[in-house]
Amino acid sequence: MSKDLVVILTALNLEYQAVRRRLAAPQVHRHARGTRFEVGTVQGTSCRVALGLTNKGNHSAAVIAERAIQEFSPMAVFFVGVAGALWDSARLGDVVMATHVYAYHGGTSEDDGLKARPRAWEAPHGISQLGSHVARMDDWADDTPGRRSAPQVRFGAIAAGEIVQNSRISAEARWIRQHYNDALAIEMEAAGVAQAGHLSGAPVAIIRGISDRADGTKNSAKDRDRQPRAAANAAAFATRLAVELVAEQEGTAMSQADGARRADRPGGHVSNTAHHSTVGIMAGTVEESTVHMNAVPKAAAPAGLLGELDGFREHLRRHHAEGALDDDTYGEALAELGFARRAAGESGPGSPKRAVMALKRLRGLVAECPELVATLAPLVRAAGGMA
């Protein structure tokens, strides 16, 4: 599993562009069967995103989602875009995150009518909890001038079918509201992505911006105005959720590593074997409350690591000269390398973590250059070993 990468899929190009605008230095990644993705980092973070376009429909979405999961082994798959609201509780521009997804076109036709036989998938508990946390923070939305009120995040069921629903009085519209009356929104891809995630074990989040009310008022003119705003809101929430998900995973990994290092250390006291009492010890050095036995305190960073970081600058320069890194990516990569170099040379308690995080952000920037990624791997491990 890639611990710093989230796949984000969209059905429409305007949805794709809404996510892409939030990525720094997206680079093309082509699947062996021709599917095109772009991989970049969410601006200002180390969170990598593999962005793909599925086109409309659950079947296409399922195939591309499965392909993306096999290609990237992501932490999670997000499907992001616009949807119609089934009830007036969701305002235009609000964001709906699915707590569960209905494939509502399952059923059996009998003499007395169509009987519902739905399939349903619940959202993973951890992602749902994190989504609620991000929504409570209430700082994910763009601050757009002239906006009357900020969009809200709503959590509930999403119904996914095979047709564009634009009526409240058609037989199918009445049937949907009768059998799936807890669904907040309706669209055409969530069931396919949820099924792909279920079969491959990848967590899935469905995030939709409300662009219409599925009530007969949807038309091309209104879509041109409403869809971009709804897509932008969904993209803003989804990318923020991805950043929080990656940060949470990195924090968990750091805590586990710290726990493992503590477990490898000797016990917390020394006993006198003759009288079973705590005794004084002969220490090499004592710094505040830390005792170093037969050793000197660990340096802020081995000279070798600082030298390797300095040497990596030449690797970046060469790749930039050869055209593998564009000017913007090269500039950001140098900045992150400088930050990592400064943190590695410091002796504060948080310095190793800052160095590791900077190197991970750097790794995200050069993700499309396998040689650079391979060269960085031992540097990240060495920086983490300073703790």
# chains A, B, ... in the order shown; residues from 1 in each chain; ligands from 1
$ residues_around --residues "A:Ala135" --least-positions-apart "2" --cutoff "10 Å" --atoms "only C-alpha atoms" --output "list in words"
Val95, Gln129, Leu130, Gly131, Ser132, His133, Met137, Asp138, Asp139, Trp140, Ala141, Gln152, Val153, Arg154, Phe155, Phe237, Arg240 and Leu241 of chain A
$ write_last_selection --atoms "C-alpha atoms" --output "PDB file, in the first residue's frame"
ATOM      1  CA  VAL A  95     -21.184  18.609  -0.349  1.00  0.00           C
ATOM      2  CA  GLN A 129     -14.929   9.536  11.090  1.00  0.00           C
ATOM      3  CA  LEU A 130     -12.153  11.549   9.469  1.00  0.00           C
ATOM      4  CA  GLY A 131     -14.654  13.139   7.077  1.00  0.00           C
ATOM      5  CA  SER A 132     -16.770  14.269  10.011  1.00  0.00           C
ATOM      6  CA  HIS A 133     -13.668  15.697  11.654  1.00  0.00           C
ATOM      7  CA  MET A 137     -13.024  22.031  11.283  1.00  0.00           C
ATOM      8  CA  ASP A 138     -15.023  24.139   8.805  1.00  0.00           C
ATOM      9  CA  ASP A 139     -11.949  25.585   7.070  1.00  0.00           C
ATOM     10  CA  TRP A 140     -11.777  23.431   3.953  1.00  0.00           C
ATOM     11  CA  ALA A 141     -13.917  25.573   1.620  1.00  0.00           C
ATOM     12  CA  GLN A 152     -22.058  22.585   4.255  1.00  0.00           C
ATOM     13  CA  VAL A 153     -20.977  18.942   4.363  1.00  0.00           C
ATOM     14  CA  ARG A 154     -23.827  16.471   4.756  1.00  0.00           C
ATOM     15  CA  PHE A 155     -23.472  12.782   5.493  1.00  0.00           C
ATOM     16  CA  PHE A 237     -13.331  18.864   0.593  1.00  0.00           C
ATOM     17  CA  ARG A 240      -8.449  18.282   2.291  1.00  0.00           C
ATOM     18  CA  LEU A 241      -9.697  14.853   3.387  1.00  0.00           C
TER      19      LEU A 241
END
$ closest_atom_pairs --of "stretch 228-254 of chain A" --to "stretch 215-223 of chain A" --cutoff "10 Å" --atoms "only C-alpha atoms" --output "Markdown table"
| residue | atom | partner | partner_atom | distance |
| --- | --- | --- | --- | --- |
| A:Pro228 | CA | A:Asp223 | CA | 8.0 |
| A:Arg229 | CA | A:Asp223 | CA | 9.8 |
| A:Ala230 | CA | A:Asp223 | CA | 9.9 |
$ closest_residue --among "A:Thr41, A:Ser170, A:Asn55, A:Ser73" --to "A:Lys3" --atoms "only C-alpha atoms"
A:Ser73
$ closest_residue --among "A:Ala205, A:Gly93, A:Arg48, A:Val28" --to "A:Arg363" --atoms "only C-alpha atoms"
A:Arg48
$ residues_around --residues "A:Gly338" --least-positions-apart "4" --cutoff "10 Å" --atoms "only C-alpha atoms" --output "PyMOL selection string"
chain A and resi 309-310+313+332-334+342-344+355+358-359
$ closest_residue --among "A:Ala190, A:Val82, A:Val42, A:Ile158" --to "A:His59" --atoms "only C-alpha atoms"
A:Ala190
$ residues_around --residues "A:Glu66" --least-positions-apart "4" --cutoff "12 Å" --atoms "only C-alpha atoms" --output "number ranges by chain"
A: 7, 9, 35, 52, 54, 59-62, 70-74, 76-77, 192-202, 204
$ select_by_dssp --residues "stretch 14-131 of chain A" --states "strand (DSSP E or B)" --output "PyMOL selection string"
chain A and resi 23-30+36-42+48-53+77-85+95-103+107-110+113-116+119-122
$ select_by_dssp --residues "stretch 21-188 of chain A" --states "helix (DSSP H, G or I)" --output "JSON, numbers by chain"
{"A": [58, 59, 60, 61, 62, 63, 64, 65, 66, 67, 68, 69, 70, 71, 72, 125, 126, 127, 128, 129, 130, 131, 132, 133, 134, 135, 136, 137, 171, 172, 173, 174, 175, 176, 177, 178, 179]}
$ write_last_selection --atoms "N, CA and C atoms" --output "mmCIF file, in the first residue's frame"
data_model
loop_
_atom_site.group_PDB
_atom_site.id
_atom_site.type_symbol
_atom_site.label_atom_id
_atom_site.label_comp_id
_atom_site.auth_asym_id
_atom_site.auth_seq_id
_atom_site.Cartn_x
_atom_site.Cartn_y
_atom_site.Cartn_z
ATOM 1 N N ASN A 58 -21.724 3.476 -13.911
ATOM 2 C CA ASN A 58 -21.143 2.601 -12.895
ATOM 3 C C ASN A 58 -20.174 1.582 -13.472
ATOM 4 N N HIS A 59 -20.467 1.073 -14.664
ATOM 5 C CA HIS A 59 -19.607 0.028 -15.238
ATOM 6 C C HIS A 59 -18.227 0.574 -15.563
ATOM 7 N N SER A 60 -18.187 1.709 -16.249
ATOM 8 C CA SER A 60 -16.901 2.322 -16.571
ATOM 9 C C SER A 60 -16.151 2.715 -15.306
ATOM 10 N N ALA A 61 -16.871 3.270 -14.328
ATOM 11 C CA ALA A 61 -16.233 3.683 -13.081
ATOM 12 C C ALA A 61 -15.622 2.491 -12.352
ATOM 13 N N ALA A 62 -16.311 1.349 -12.366
ATOM 14 C CA ALA A 62 -15.796 0.156 -11.685
ATOM 15 C C ALA A 62 -14.499 -0.329 -12.329
ATOM 16 N N VAL A 63 -14.471 -0.357 -13.670
ATOM 17 C CA VAL A 63 -13.284 -0.845 -14.376
ATOM 18 C C VAL A 63 -12.088 0.054 -14.102
ATOM 19 N N ILE A 64 -12.268 1.368 -14.223
ATOM 20 C CA ILE A 64 -11.143 2.284 -14.016
ATOM 21 C C ILE A 64 -10.712 2.298 -12.553
ATOM 22 N N ALA A 65 -11.667 2.183 -11.635
ATOM 23 C CA ALA A 65 -11.307 2.132 -10.213
ATOM 24 C C ALA A 65 -10.466 0.899 -9.913
ATOM 25 N N GLU A 66 -10.883 -0.236 -10.432
ATOM 26 C CA GLU A 66 -10.109 -1.473 -10.225
ATOM 27 C C GLU A 66 -8.708 -1.336 -10.826
ATOM 28 N N ARG A 67 -8.626 -0.744 -12.010
ATOM 29 C CA ARG A 67 -7.334 -0.554 -12.665
ATOM 30 C C ARG A 67 -6.439 0.364 -11.838
ATOM 31 N N ALA A 68 -7.010 1.440 -11.301
ATOM 32 C CA ALA A 68 -6.223 2.379 -10.487
ATOM 33 C C ALA A 68 -5.737 1.720 -9.204
ATOM 34 N N ILE A 69 -6.575 0.903 -8.593
ATOM 35 C CA ILE A 69 -6.186 0.223 -7.358
ATOM 36 C C ILE A 69 -5.015 -0.722 -7.602
ATOM 37 N N GLN A 70 -5.079 -1.473 -8.692
ATOM 38 C CA GLN A 70 -3.995 -2.404 -9.008
ATOM 39 C C GLN A 70 -2.712 -1.666 -9.387
ATOM 40 N N GLU A 71 -2.857 -0.523 -10.029
ATOM 41 C CA GLU A 71 -1.683 0.222 -10.493
ATOM 42 C C GLU A 71 -0.967 0.952 -9.370
ATOM 43 N N PHE A 72 -1.720 1.532 -8.428
ATOM 44 C CA PHE A 72 -1.110 2.422 -7.436
ATOM 45 C C PHE A 72 -1.130 1.878 -6.006
ATOM 46 N N HIS A 125 -15.443 2.907 8.250
ATOM 47 C CA HIS A 125 -15.660 3.675 9.477
ATOM 48 C C HIS A 125 -14.599 4.756 9.660
ATOM 49 N N GLY A 126 -13.332 4.393 9.433
ATOM 50 C CA GLY A 126 -12.257 5.353 9.668
ATOM 51 C C GLY A 126 -12.360 6.575 8.784
ATOM 52 N N ILE A 127 -12.673 6.371 7.502
ATOM 53 C CA ILE A 127 -12.796 7.505 6.587
ATOM 54 C C ILE A 127 -14.023 8.338 6.938
ATOM 55 N N SER A 128 -15.107 7.690 7.312
ATOM 56 C CA SER A 128 -16.293 8.441 7.723
ATOM 57 C C SER A 128 -15.997 9.317 8.938
ATOM 58 N N GLN A 129 -15.278 8.767 9.903
ATOM 59 C CA GLN A 129 -14.929 9.536 11.090
ATOM 60 C C GLN A 129 -14.022 10.714 10.739
ATOM 61 N N LEU A 130 -13.049 10.469 9.867
ATOM 62 C CA LEU A 130 -12.153 11.549 9.469
ATOM 63 C C LEU A 130 -12.905 12.606 8.665
ATOM 64 N N GLY A 131 -13.845 12.177 7.821
ATOM 65 C CA GLY A 131 -14.654 13.139 7.077
ATOM 66 C C GLY A 131 -15.456 14.035 8.000
ATOM 67 N N SER A 132 -16.031 13.457 9.035
ATOM 68 C CA SER A 132 -16.770 14.269 10.011
ATOM 69 C C SER A 132 -15.858 15.251 10.716
ATOM 70 N N HIS A 133 -14.642 14.809 11.000
ATOM 71 C CA HIS A 133 -13.668 15.697 11.654
ATOM 72 C C HIS A 133 -13.324 16.884 10.751
ATOM 73 N N VAL A 134 -13.040 16.614 9.471
ATOM 74 C CA VAL A 134 -12.706 17.693 8.537
ATOM 75 C C VAL A 134 -13.882 18.653 8.399
ATOM 76 N N ALA A 135 -15.103 18.110 8.343
ATOM 77 C CA ALA A 135 -16.285 18.966 8.233
ATOM 78 C C ALA A 135 -16.430 19.862 9.464
ATOM 79 N N ARG A 136 -16.151 19.327 10.636
ATOM 80 C CA ARG A 136 -16.265 20.127 11.865
ATOM 81 C C ARG A 136 -15.221 21.242 11.909
ATOM 82 N N MET A 137 -14.067 21.005 11.299
ATOM 83 C CA MET A 137 -13.024 22.031 11.283
ATOM 84 C C MET A 137 -13.489 23.262 10.513
ATOM 85 N N ALA A 171 -42.489 7.831 -12.921
ATOM 86 C CA ALA A 171 -42.694 6.592 -12.159
ATOM 87 C C ALA A 171 -41.413 6.178 -11.446
ATOM 88 N N GLU A 172 -40.276 6.309 -12.129
ATOM 89 C CA GLU A 172 -39.023 5.908 -11.498
ATOM 90 C C GLU A 172 -38.651 6.847 -10.357
ATOM 91 N N ALA A 173 -38.900 8.151 -10.535
ATOM 92 C CA ALA A 173 -38.597 9.102 -9.470
ATOM 93 C C ALA A 173 -39.406 8.789 -8.215
ATOM 94 N N ARG A 174 -40.689 8.500 -8.403
ATOM 95 C CA ARG A 174 -41.521 8.166 -7.236
ATOM 96 C C ARG A 174 -41.047 6.864 -6.610
ATOM 97 N N TRP A 175 -40.650 5.894 -7.428
ATOM 98 C CA TRP A 175 -40.176 4.595 -6.920
ATOM 99 C C TRP A 175 -38.900 4.767 -6.102
ATOM 100 N N ILE A 176 -37.974 5.590 -6.594
ATOM 101 C CA ILE A 176 -36.722 5.830 -5.868
ATOM 102 C C ILE A 176 -37.000 6.476 -4.523
ATOM 103 N N ARG A 177 -37.862 7.486 -4.506
ATOM 104 C CA ARG A 177 -38.147 8.172 -3.251
ATOM 105 C C ARG A 177 -38.930 7.287 -2.283
ATOM 106 N N GLN A 178 -39.653 6.316 -2.825
ATOM 107 C CA GLN A 178 -40.386 5.390 -1.958
ATOM 108 C C GLN A 178 -39.451 4.379 -1.310
ATOM 109 N N HIS A 179 -38.533 3.816 -2.099
ATOM 110 C CA HIS A 179 -37.693 2.720 -1.601
ATOM 111 C C HIS A 179 -36.349 3.188 -1.037
#
$ closest_residue --among "A:Arg168, A:Arg36, A:Arg226, A:His105" --to "A:Ala191" --atoms "only C-alpha atoms"
A:His105
$ residues_around --residues "A:Thr108" --least-positions-apart "6" --cutoff "12 Å" --atoms "only C-alpha atoms" --output "PyMOL selection string"
chain A and resi 114-118
$ atom_distance --atom1 "atom CA of A:Trp121" --atom2 "atom CA of A:His100"
5.4 Å
$ atom_distance --atom1 "atom CA of A:Gly161" --atom2 "atom CA of A:Arg33"
27.1 Å
$ closest_residue --among "A:Ser347, A:His319, A:Ile206, A:Ala120" --to "A:Pro370" --atoms "only C-alpha atoms"
A:His319
$ closest_residue --among "A:Asp327, A:Glu15, A:Asp212, A:Glu308" --to "A:Pro378" --atoms "only C-alpha atoms"
A:Glu308
$ residues_around --residues "A:Ala183" --least-positions-apart "2" --cutoff "6 Å" --atoms "only C-alpha atoms" --output "ChimeraX atom specification"
/A:157-158,180-181,185
$ atom_distance --atom1 "atom CA of A:Gln27" --atom2 "atom CA of A:Gly364"
11.0 Å
$ residues_around --residues "A:Arg22" --least-positions-apart "5" --cutoff "9 Å" --atoms "only C-alpha atoms" --output "JSON, numbers by chain"
{"A": [17, 41, 42, 43, 235, 236, 239]}
